[in-house]
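What follows is a set of notes on a single structure, which appears directly below.
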Amino acid sequence: MLEVMSILGFSSFQDIGRSGFRSLGLSRSGAADYYAMAEGAALLDQSPNSTALELIGNGGIFNVLEDCMVALTGATMLASADQKPLAWNASHYLYKGNILNLTTQQNGRYSYLHLRGGFKAPKIFNSCSAQPVAGIGQYTRPKDILAQLENKQDPIECQKIEPFNRFDLTTFRLVESFQTKLFNQETIERFIDTEFSIDNQSSRGGVKLTHTGSGFSTSNQLKILSDVIVPGDIQMTGFGQPFVLLADCQTMGGYPRIGCIIPPDLPAIAQLKPDKKVKFKFIAREEANRIVAEDTKSLELIKRRCSAPIRDPEKMEDLLDFNLIDGAVWAKD
Amino acid sequence: MTDNFPKMNFVGLDGILVQFSQEICESGNSAALAFRQEIEKKNHPYIIESSNSLTAAYFRLDIKISPADSILNFFDDVLKEKNWYTSELPLNRKLFKIPCVFGTDLAPQFEKVIKLAKLSRAQAISEFTTTKTRVMTIGFSPGQPYAGLLSEKWDVPRLAEVSKNVPKSALVCAIRQLIIFSNSTPTGWHHIGQTAFECFNSNRQQPILLNPGDEITFLEINPSELAQIKSNNSDGLGGVKISEIRT
């Protein structure tokens, strides 16, 4: 159990999202980076749908109210417990009275704090993913108590994980979608040739892209019927400005979509920081299906990415504070 | 219907859209609603979830099973079962009569839109308070209805530039349709009225009340009446009167 001492405005609980309610207008939501969810779950030996705290920007400071085990994944942050550094992409024991400080994101936009046993959060339409702009759940605020859902007593060892490679992708793969044909060939070619920048106007709903040159539009763009939108769609707003739609995107909309980013590339574009440069390429459905199958398989084998942490005694301030043997210290003294 | 409809298309990598019309029309909407309902009944193991848009039915498939020809054939077979365009609307439909302020500074685009539609204020309001528009689909955000069709005069395009945030429960229009916003949102639609009806309210036993096939009409009120309604609106009903539609 943790108490939030300070936190940035748009951090929230997320699991893998809600399925089955899009006919009521509910977005899929869920963590912007599903690899980070899987990595946290592997480190803590629990379900990838366990609720984690998704942190943005400068993270937060937490007071540890009782002994617990956590994992840190996603965009790397500077992490410490009582000012002693904690490795990222690793699991750690925290003890009552510790101050956990997570700050300064380095290589991305979404970082994750996982708790062994999962965080306890209100389940709305079968998911604990908050989407406050849609009236579902709340952003995490100072003084919130972040409790554990399941009390897991069996001690496990701390581990580190080799993260999935997703922080330096620059070319994103698209498949054609039902509205691709509304754009003429010249527009599609120009889109593929264009280098875009990630705008700082981005959220869990979508990433805005900017570029030099004219916009990308279809004829009669403002009168196209509103239709299904899915995460990964690249939507062109009124002036032909592209938006990459993410987990919290609306379920329907009228601006045309030129294509859809394949799911394994979506966490990567969500993680890109402002001013990063990106390009797009279309791939055939068969190739996309093959990539997804490989991705699914590597997620099934995620435990192979875990290993015992290598600790450098030189960097440890107080060796006795570290649990060098195993989780035995975790059992209530 | 036109030669090419109904037709199937991919949505991203794991979705299929069965489209019944390119233009918005009530027969295409009825067809889409009935087709989705029929597919849901058949419980196909590859289908994870489905939804309707205005004139199409969307099916999300298990991404681990790349959309094989078998599922396209399955949809095709169901399409051939009947003429979907003459389908009945869902049963147990309801009429929602929603109090609404038209124009004033609460809904600043009303005057401009009635000018585009070449209607007087009285004519426009008469249309909103006598026409029953059908909820064609729920989407964009939780519980949010797309209702139509208004008469052809209301075939006004969306704005090219997305406006600043329009408040929750706003009535907006474009291309012969009306939407009541579930949440405050930037939009390209024209803000013509303001209600206190919350399409989604988690304090209610039923957070979402509207369903496709339901009908919406309006009761004109003034800003002080709206303020009155808002002062006692924790259930977010906004003074709506709901009645059964007898068919």
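Chain lettering (A, B, ...) mirrors the order of the structure tokens, residue numbering begins at 1 for each chain separately, and ligand numbering begins at 1 in order of display.
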
Per residue of chain B within 9 Å of chain A, record the nearest atom pair and its distance in Å to one decimal, counting only C-alpha atoms, with rows in chain order and ascending residue number, as JSON lines.
{"residue": "B:Met8", "atom": "CA", "partner": "A:Phe178", "partner_atom": "CA", "distance": 8.9}
{"residue": "B:Asn9", "atom": "CA", "partner": "A:Phe178", "partner_atom": "CA", "distance": 5.5}
{"residue": "B:Phe10", "atom": "CA", "partner": "A:Phe178", "partner_atom": "CA", "distance": 5.6}
{"residue": "B:Val11", "atom": "CA", "partner": "A:Ser177", "partner_atom": "CA", "distance": 5.0}
{"residue": "B:Gly12", "atom": "CA", "partner": "A:Cys260", "partner_atom": "CA", "distance": 5.1}
{"residue": "B:Leu13", "atom": "CA", "partner": "A:Ile262", "partner_atom": "CA", "distance": 6.7}
{"residue": "B:Gly15", "atom": "CA", "partner": "A:Val230", "partner_atom": "CA", "distance": 8.8}
{"residue": "B:Ile16", "atom": "CA", "partner": "A:Phe178", "partner_atom": "CA", "distance": 8.8}
{"residue": "B:Leu17", "atom": "CA", "partner": "A:Phe178", "partner_atom": "CA", "distance": 7.8}
{"residue": "B:Gln22", "atom": "CA", "partner": "A:Leu225", "partner_atom": "CA", "distance": 7.8}
{"residue": "B:Glu23", "atom": "CA", "partner": "A:Leu225", "partner_atom": "CA", "distance": 7.3}
{"residue": "B:Ile24", "atom": "CA", "partner": "A:Leu225", "partner_atom": "CA", "distance": 7.1}
{"residue": "B:Ile48", "atom": "CA", "partner": "A:Gly20", "partner_atom": "CA", "distance": 7.2}
{"residue": "B:Glu49", "atom": "CA", "partner": "A:Gly20", "partner_atom": "CA", "distance": 5.1}
{"residue": "B:Ser50", "atom": "CA", "partner": "A:Ser23", "partner_atom": "CA", "distance": 6.6}
{"residue": "B:Ser51", "atom": "CA", "partner": "A:Ser23", "partner_atom": "CA", "distance": 4.3}
{"residue": "B:Asn52", "atom": "CA", "partner": "A:Ser23", "partner_atom": "CA", "distance": 6.4}
{"residue": "B:Ser53", "atom": "CA", "partner": "A:Asp227", "partner_atom": "CA", "distance": 5.4}
{"residue": "B:Leu54", "atom": "CA", "partner": "A:Asp227", "partner_atom": "CA", "distance": 6.9}
{"residue": "B:Thr55", "atom": "CA", "partner": "A:Asp227", "partner_atom": "CA", "distance": 8.4}
{"residue": "B:Ala56", "atom": "CA", "partner": "A:Asp227", "partner_atom": "CA", "distance": 7.9}
{"residue": "B:Ala57", "atom": "CA", "partner": "A:Val228", "partner_atom": "CA", "distance": 8.9}
{"residue": "B:Tyr58", "atom": "CA", "partner": "A:Val228", "partner_atom": "CA", "distance": 7.2}
{"residue": "B:Ile63", "atom": "CA", "partner": "A:Val292", "partner_atom": "CA", "distance": 7.9}
{"residue": "B:Lys64", "atom": "CA", "partner": "A:Ala293", "partner_atom": "CA", "distance": 6.6}
{"residue": "B:Ile65", "atom": "CA", "partner": "A:Asn289", "partner_atom": "CA", "distance": 8.8}
{"residue": "B:Ser66", "atom": "CA", "partner": "A:Asn289", "partner_atom": "CA", "distance": 6.2}
{"residue": "B:Thr137", "atom": "CA", "partner": "A:Ser23", "partner_atom": "CA", "distance": 8.3}
{"residue": "B:Ile138", "atom": "CA", "partner": "A:Gly25", "partner_atom": "CA", "distance": 5.7}
{"residue": "B:Gly139", "atom": "CA", "partner": "A:Gly25", "partner_atom": "CA", "distance": 3.9}
{"residue": "B:Phe140", "atom": "CA", "partner": "A:Met252", "partner_atom": "CA", "distance": 4.4}
{"residue": "B:Ser141", "atom": "CA", "partner": "A:Gly25", "partner_atom": "CA", "distance": 4.7}
{"residue": "B:Pro142", "atom": "CA", "partner": "A:Gly25", "partner_atom": "CA", "distance": 4.2}
{"residue": "B:Gly143", "atom": "CA", "partner": "A:Leu24", "partner_atom": "CA", "distance": 5.4}
{"residue": "B:Gln144", "atom": "CA", "partner": "A:Gly25", "partner_atom": "CA", "distance": 6.6}
{"residue": "B:Pro145", "atom": "CA", "partner": "A:Gly25", "partner_atom": "CA", "distance": 8.9}
{"residue": "B:Asp155", "atom": "CA", "partner": "A:Lys223", "partner_atom": "CA", "distance": 8.8}
{"residue": "B:Val156", "atom": "CA", "partner": "A:Lys223", "partner_atom": "CA", "distance": 8.3}
{"residue": "B:Pro157", "atom": "CA", "partner": "A:Lys223", "partner_atom": "CA", "distance": 5.5}
{"residue": "B:Arg158", "atom": "CA", "partner": "A:Leu222", "partner_atom": "CA", "distance": 5.4}
{"residue": "B:Leu159", "atom": "CA", "partner": "A:Leu222", "partner_atom": "CA", "distance": 7.2}
{"residue": "B:Ala160", "atom": "CA", "partner": "A:Gly238", "partner_atom": "CA", "distance": 4.4}
{"residue": "B:Glu161", "atom": "CA", "partner": "A:Gly238", "partner_atom": "CA", "distance": 5.8}
{"residue": "B:Val162", "atom": "CA", "partner": "A:Gly238", "partner_atom": "CA", "distance": 7.3}
{"residue": "B:Ala174", "atom": "CA", "partner": "A:Lys223", "partner_atom": "CA", "distance": 8.5}
{"residue": "B:Ile175", "atom": "CA", "partner": "A:Lys223", "partner_atom": "CA", "distance": 6.6}
{"residue": "B:Ser182", "atom": "CA", "partner": "A:Ala134", "partner_atom": "CA", "distance": 7.6}
{"residue": "B:Asn183", "atom": "CA", "partner": "A:Ala134", "partner_atom": "CA", "distance": 6.2}
{"residue": "B:Ser184", "atom": "CA", "partner": "A:Val133", "partner_atom": "CA", "distance": 8.1}
{"residue": "B:Thr185", "atom": "CA", "partner": "A:Val133", "partner_atom": "CA", "distance": 8.8}
{"residue": "B:Gly188", "atom": "CA", "partner": "A:Gly238", "partner_atom": "CA", "distance": 8.1}
{"residue": "B:Phe200", "atom": "CA", "partner": "A:Gly135", "partner_atom": "CA", "distance": 7.7}
{"residue": "B:Asn201", "atom": "CA", "partner": "A:Gly135", "partner_atom": "CA", "distance": 7.6}
{"residue": "B:Ser202", "atom": "CA", "partner": "A:Gly135", "partner_atom": "CA", "distance": 7.8}
{"residue": "B:Ile208", "atom": "CA", "partner": "A:Leu24", "partner_atom": "CA", "distance": 7.6}
{"residue": "B:Leu210", "atom": "CA", "partner": "A:Leu24", "partner_atom": "CA", "distance": 9.0}
{"residue": "B:Asn211", "atom": "CA", "partner": "A:Leu24", "partner_atom": "CA", "distance": 8.2}

- Task: Apply DSSP to the structure's backbone, then extract all residues of stretch 72-242 of chain A labelled alpha helix (DSSP H) and return them as a ChimeraX atom specification.
- Result: /A:185-193

Would you mind exporting the chosen residues as a PDB file, in the first residue's frame, restricted to all heavy atoms?
ATOM      1  N   GLN A 185      -4.058   8.686 -55.017  1.00  0.00           N
ATOM      2  CA  GLN A 185      -2.724   8.088 -55.016  1.00  0.00           C
ATOM      3  C   GLN A 185      -1.636   9.131 -54.719  1.00  0.00           C
ATOM      4  O   GLN A 185      -0.711   8.875 -53.956  1.00  0.00           O
ATOM      5  CB  GLN A 185      -2.482   7.420 -56.377  1.00  0.00           C
ATOM      6  CG  GLN A 185      -1.320   6.439 -56.388  1.00  0.00           C
ATOM      7  CD  GLN A 185      -1.454   5.349 -55.322  1.00  0.00           C
ATOM      8  OE1 GLN A 185      -2.548   4.888 -55.033  1.00  0.00           O
ATOM      9  NE2 GLN A 185      -0.339   4.966 -54.710  1.00  0.00           N
ATOM     10  N   GLU A 186      -1.794  10.304 -55.301  1.00  0.00           N
ATOM     11  CA  GLU A 186      -0.792  11.361 -55.117  1.00  0.00           C
ATOM     12  C   GLU A 186      -0.692  11.714 -53.623  1.00  0.00           C
ATOM     13  O   GLU A 186       0.405  11.871 -53.082  1.00  0.00           O
ATOM     14  CB  GLU A 186      -1.205  12.579 -55.964  1.00  0.00           C
ATOM     15  CG  GLU A 186      -0.252  13.767 -55.895  1.00  0.00           C
ATOM     16  CD  GLU A 186      -0.516  14.698 -54.716  1.00  0.00           C
ATOM     17  OE1 GLU A 186      -1.698  14.877 -54.341  1.00  0.00           O
ATOM     18  OE2 GLU A 186       0.464  15.223 -54.141  1.00  0.00           O
ATOM     19  N   THR A 187      -1.841  11.832 -52.964  1.00  0.00           N
ATOM     20  CA  THR A 187      -1.858  12.191 -51.534  1.00  0.00           C
ATOM     21  C   THR A 187      -1.194  11.089 -50.709  1.00  0.00           C
ATOM     22  O   THR A 187      -0.411  11.372 -49.795  1.00  0.00           O
ATOM     23  CB  THR A 187      -3.313  12.405 -51.058  1.00  0.00           C
ATOM     24  OG1 THR A 187      -3.925  13.355 -51.921  1.00  0.00           O
ATOM     25  CG2 THR A 187      -3.361  12.905 -49.638  1.00  0.00           C
ATOM     26  N   ILE A 188      -1.491   9.841 -51.041  1.00  0.00           N
ATOM     27  CA  ILE A 188      -0.908   8.732 -50.284  1.00  0.00           C
ATOM     28  C   ILE A 188       0.614   8.702 -50.468  1.00  0.00           C
ATOM     29  O   ILE A 188       1.357   8.548 -49.497  1.00  0.00           O
ATOM     30  CB  ILE A 188      -1.566   7.394 -50.701  1.00  0.00           C
ATOM     31  CG1 ILE A 188      -3.016   7.382 -50.190  1.00  0.00           C
ATOM     32  CG2 ILE A 188      -0.788   6.193 -50.156  1.00  0.00           C
ATOM     33  CD1 ILE A 188      -3.820   6.177 -50.590  1.00  0.00           C
ATOM     34  N   GLU A 189       1.055   8.921 -51.696  1.00  0.00           N
ATOM     35  CA  GLU A 189       2.512   8.925 -51.938  1.00  0.00           C
ATOM     36  C   GLU A 189       3.189  10.065 -51.183  1.00  0.00           C
ATOM     37  O   GLU A 189       4.258   9.886 -50.600  1.00  0.00           O
ATOM     38  CB  GLU A 189       2.794   9.025 -53.440  1.00  0.00           C
ATOM     39  CG  GLU A 189       2.657   7.657 -54.116  1.00  0.00           C
ATOM     40  CD  GLU A 189       2.591   7.744 -55.628  1.00  0.00           C
ATOM     41  OE1 GLU A 189       2.993   8.786 -56.193  1.00  0.00           O
ATOM     42  OE2 GLU A 189       2.112   6.765 -56.233  1.00  0.00           O
ATOM     43  N   ARG A 190       2.555  11.222 -51.209  1.00  0.00           N
ATOM     44  CA  ARG A 190       3.139  12.368 -50.503  1.00  0.00           C
ATOM     45  C   ARG A 190       3.173  12.087 -48.995  1.00  0.00           C
ATOM     46  O   ARG A 190       4.138  12.433 -48.301  1.00  0.00           O
ATOM     47  CB  ARG A 190       2.295  13.621 -50.798  1.00  0.00           C
ATOM     48  CG  ARG A 190       2.953  14.923 -50.401  1.00  0.00           C
ATOM     49  CD  ARG A 190       2.291  16.101 -51.125  1.00  0.00           C
ATOM     50  NE  ARG A 190       0.844  16.138 -50.941  1.00  0.00           N
ATOM     51  CZ  ARG A 190       0.254  16.666 -49.863  1.00  0.00           C
ATOM     52  NH1 ARG A 190       0.968  17.184 -48.903  1.00  0.00           N
ATOM     53  NH2 ARG A 190      -1.063  16.666 -49.771  1.00  0.00           N
ATOM     54  N   PHE A 191       2.152  11.413 -48.496  1.00  0.00           N
ATOM     55  CA  PHE A 191       2.098  11.056 -47.076  1.00  0.00           C
ATOM     56  C   PHE A 191       3.277  10.141 -46.710  1.00  0.00           C
ATOM     57  O   PHE A 191       3.955  10.332 -45.690  1.00  0.00           O
ATOM     58  CB  PHE A 191       0.755  10.380 -46.780  1.00  0.00           C
ATOM     59  CG  PHE A 191       0.626   9.843 -45.387  1.00  0.00           C
ATOM     60  CD1 PHE A 191       0.426  10.699 -44.315  1.00  0.00           C
ATOM     61  CD2 PHE A 191       0.718   8.477 -45.139  1.00  0.00           C
ATOM     62  CE1 PHE A 191       0.318  10.214 -43.026  1.00  0.00           C
ATOM     63  CE2 PHE A 191       0.611   7.980 -43.845  1.00  0.00           C
ATOM     64  CZ  PHE A 191       0.412   8.850 -42.799  1.00  0.00           C
ATOM     65  N   ILE A 192       3.527   9.158 -47.565  1.00  0.00           N
ATOM     66  CA  ILE A 192       4.612   8.208 -47.284  1.00  0.00           C
ATOM     67  C   ILE A 192       5.982   8.883 -47.377  1.00  0.00           C
ATOM     68  O   ILE A 192       6.904   8.544 -46.644  1.00  0.00           O
ATOM     69  CB  ILE A 192       4.532   7.014 -48.273  1.00  0.00           C
ATOM     70  CG1 ILE A 192       3.261   6.208 -48.001  1.00  0.00           C
ATOM     71  CG2 ILE A 192       5.746   6.100 -48.143  1.00  0.00           C
ATOM     72  CD1 ILE A 192       2.918   5.258 -49.112  1.00  0.00           C
ATOM     73  N   ASP A 193       6.095   9.868 -48.270  1.00  0.00           N
ATOM     74  CA  ASP A 193       7.379  10.558 -48.445  1.00  0.00           C
ATOM     75  C   ASP A 193       7.646  11.612 -47.371  1.00  0.00           C
ATOM     76  O   ASP A 193       8.753  12.118 -47.265  1.00  0.00           O
ATOM     77  CB  ASP A 193       7.408  11.264 -49.815  1.00  0.00           C
ATOM     78  CG  ASP A 193       7.513  10.257 -50.949  1.00  0.00           C
ATOM     79  OD1 ASP A 193       7.946   9.118 -50.670  1.00  0.00           O
ATOM     80  OD2 ASP A 193       7.142  10.603 -52.089  1.00  0.00           O
TER      81      ASP A 193
END

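Comparing B:Cys173, B:Ile180, B:Val135, B:Ile39 by their smallest distance to B:Leu95, the closest is B:Val135 (using only C-alpha atoms).
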
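From atom CA of A:Ser80 back to atom CA of A:Asn98, the distance works out to 9.6 Å.
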
- Quick one: pick out all strand (DSSP E or B) residues within stretch 41-145 of chain A from a backbone DSSP run and write them as JSON, numbers by chain. {"A": [52, 53, 54, 55, 60, 61, 62, 63, 64, 68, 69, 70, 71, 72, 73, 74, 78, 79, 80, 81, 84, 85, 86, 90, 91, 92, 93, 94, 99, 100, 101, 102, 103, 111, 112, 113, 114, 115, 119, 124, 127, 131, 136, 145]}

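Nearest residue to A:Asn165, choosing from A:Gly57, A:Gly9, A:Gly30, A:Pro264 and counting only C-alpha atoms: A:Pro264.
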
- Message: When you look at A:Gln46 with a cut-off of 9 Å (counting only C-alpha atoms), what residues show up, excluding the ones that are within fewer than 3 positions of it in the same chain? I need them as a count of residues only.
- Response: 9

- Message: Give me the residues near stretch 29-31 of chain B as a ChimeraX atom specification, where near means some atom within 7 Å (using only C-alpha atoms) and where sequence neighbours in that chain fewer than 6 positions away do not count.
- Response: /B:20,54-55,84-89,136

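Residues in contact with B:Arg93 at 7 Å, where only C-alpha atoms are counted and same-chain residues fewer than 3 positions away are skipped, are listed as Pro90, Gly213, Asp214, Glu244 and Ile245 of chain B.
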
- Query: Excluding same-chain residues fewer than 2 positions from stretch 98-108 of chain B, what lies within 7 Å of it counting only C-alpha atoms, as a PyMOL selection string?
  - Reply: chain B and resi 96+110-111+191-195+217-223+239-241

- Message: Which residues are close to stretch 106-115 of chain A, i.e. within 7 Å by only C-alpha atoms, leaving aside same-chain residues fewer than 3 positions away? Reply as an MDAnalysis selection string.
- Response: chainID A and resid 36 40 52:57 69:77 118:119 167 271:273

Just-selected residues, N, CA, C and O atoms written as a short mmCIF file (atom, residue, chain, number, x, y, z; two decimals), in the first residue's frame:
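What landed in selection_3.cif:
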data_model
loop_
_atom_site.label_atom_id
_atom_site.label_comp_id
_atom_site.auth_asym_id
_atom_site.auth_seq_id
_atom_site.Cartn_x
_atom_site.Cartn_y
_atom_site.Cartn_z
N ALA A 36 4.95 -2.68 -21.68
CA ALA A 36 5.27 -2.34 -20.29
C ALA A 36 4.38 -3.11 -19.32
O ALA A 36 4.83 -3.51 -18.24
N GLY A 40 5.88 -5.76 -16.59
CA GLY A 40 5.60 -5.65 -15.16
C GLY A 40 5.00 -6.95 -14.62
O GLY A 40 5.36 -7.41 -13.53
N ALA A 52 -2.02 -1.28 -13.10
CA ALA A 52 -0.77 -0.58 -12.80
C ALA A 52 -1.04 0.92 -12.79
O ALA A 52 -2.08 1.38 -13.25
N LEU A 53 -0.09 1.67 -12.26
CA LEU A 53 -0.20 3.12 -12.29
C LEU A 53 0.62 3.62 -13.46
O LEU A 53 1.83 3.39 -13.53
N GLU A 54 -0.06 4.29 -14.39
CA GLU A 54 0.62 4.83 -15.57
C GLU A 54 1.04 6.27 -15.25
O GLU A 54 0.19 7.10 -14.94
N LEU A 55 2.33 6.52 -15.35
CA LEU A 55 2.86 7.83 -14.98
C LEU A 55 3.33 8.58 -16.21
O LEU A 55 3.89 8.00 -17.13
N ILE A 56 3.07 9.88 -16.21
CA ILE A 56 3.58 10.68 -17.31
C ILE A 56 4.48 11.78 -16.75
O ILE A 56 4.42 12.11 -15.58
N GLY A 57 5.33 12.33 -17.62
CA GLY A 57 6.14 13.49 -17.25
C GLY A 57 7.01 13.27 -16.04
O GLY A 57 7.84 12.38 -16.02
N MET A 69 5.98 -5.32 -2.88
CA MET A 69 6.91 -5.52 -3.98
C MET A 69 6.37 -4.78 -5.19
O MET A 69 5.17 -4.87 -5.49
N VAL A 70 7.24 -4.06 -5.86
CA VAL A 70 6.82 -3.30 -7.03
C VAL A 70 7.72 -3.62 -8.22
O VAL A 70 8.80 -4.19 -8.06
N ALA A 71 7.25 -3.24 -9.41
CA ALA A 71 8.08 -3.33 -10.60
C ALA A 71 7.96 -2.01 -11.35
O ALA A 71 6.93 -1.34 -11.28
N LEU A 72 9.03 -1.65 -12.06
CA LEU A 72 9.09 -0.38 -12.79
C LEU A 72 9.38 -0.68 -14.25
O LEU A 72 10.40 -1.30 -14.57
N THR A 73 8.46 -0.26 -15.14
CA THR A 73 8.65 -0.55 -16.57
C THR A 73 8.21 0.65 -17.41
O THR A 73 7.72 1.64 -16.89
N GLY A 74 8.35 0.52 -18.71
CA GLY A 74 7.98 1.61 -19.63
C GLY A 74 9.12 2.60 -19.77
O GLY A 74 10.29 2.25 -19.60
N ALA A 75 8.76 3.86 -20.07
CA ALA A 75 9.79 4.88 -20.24
C ALA A 75 10.64 4.98 -18.98
O ALA A 75 10.11 5.07 -17.87
N THR A 76 11.95 4.94 -19.14
CA THR A 76 12.86 4.94 -17.99
C THR A 76 12.75 6.25 -17.21
O THR A 76 12.75 7.32 -17.77
N MET A 77 12.68 6.10 -15.88
CA MET A 77 12.70 7.27 -14.99
C MET A 77 13.85 7.12 -14.03
O MET A 77 14.39 6.03 -13.85
N GLY A 118 -1.37 -6.36 -7.75
CA GLY A 118 -2.15 -5.39 -8.51
C GLY A 118 -2.70 -4.28 -7.64
O GLY A 118 -2.88 -4.45 -6.43
N PHE A 119 -2.93 -3.11 -8.21
CA PHE A 119 -3.57 -2.02 -7.47
C PHE A 119 -5.08 -2.27 -7.45
O PHE A 119 -5.66 -2.78 -8.40
N PHE A 167 11.74 1.89 -28.13
CA PHE A 167 11.93 3.31 -27.84
C PHE A 167 12.66 4.08 -28.93
O PHE A 167 12.83 5.27 -28.82
N GLN A 271 5.00 6.25 -27.17
CA GLN A 271 6.12 6.60 -26.29
C GLN A 271 6.98 7.75 -26.82
O GLN A 271 7.76 8.33 -26.08
N LEU A 272 6.86 8.09 -28.11
CA LEU A 272 7.77 9.09 -28.67
C LEU A 272 7.57 10.47 -28.06
O LEU A 272 6.45 10.96 -27.94
N LYS A 273 8.67 11.09 -27.73
CA LYS A 273 8.60 12.43 -27.12
C LYS A 273 8.46 13.49 -28.21
O LYS A 273 8.80 13.25 -29.37
#
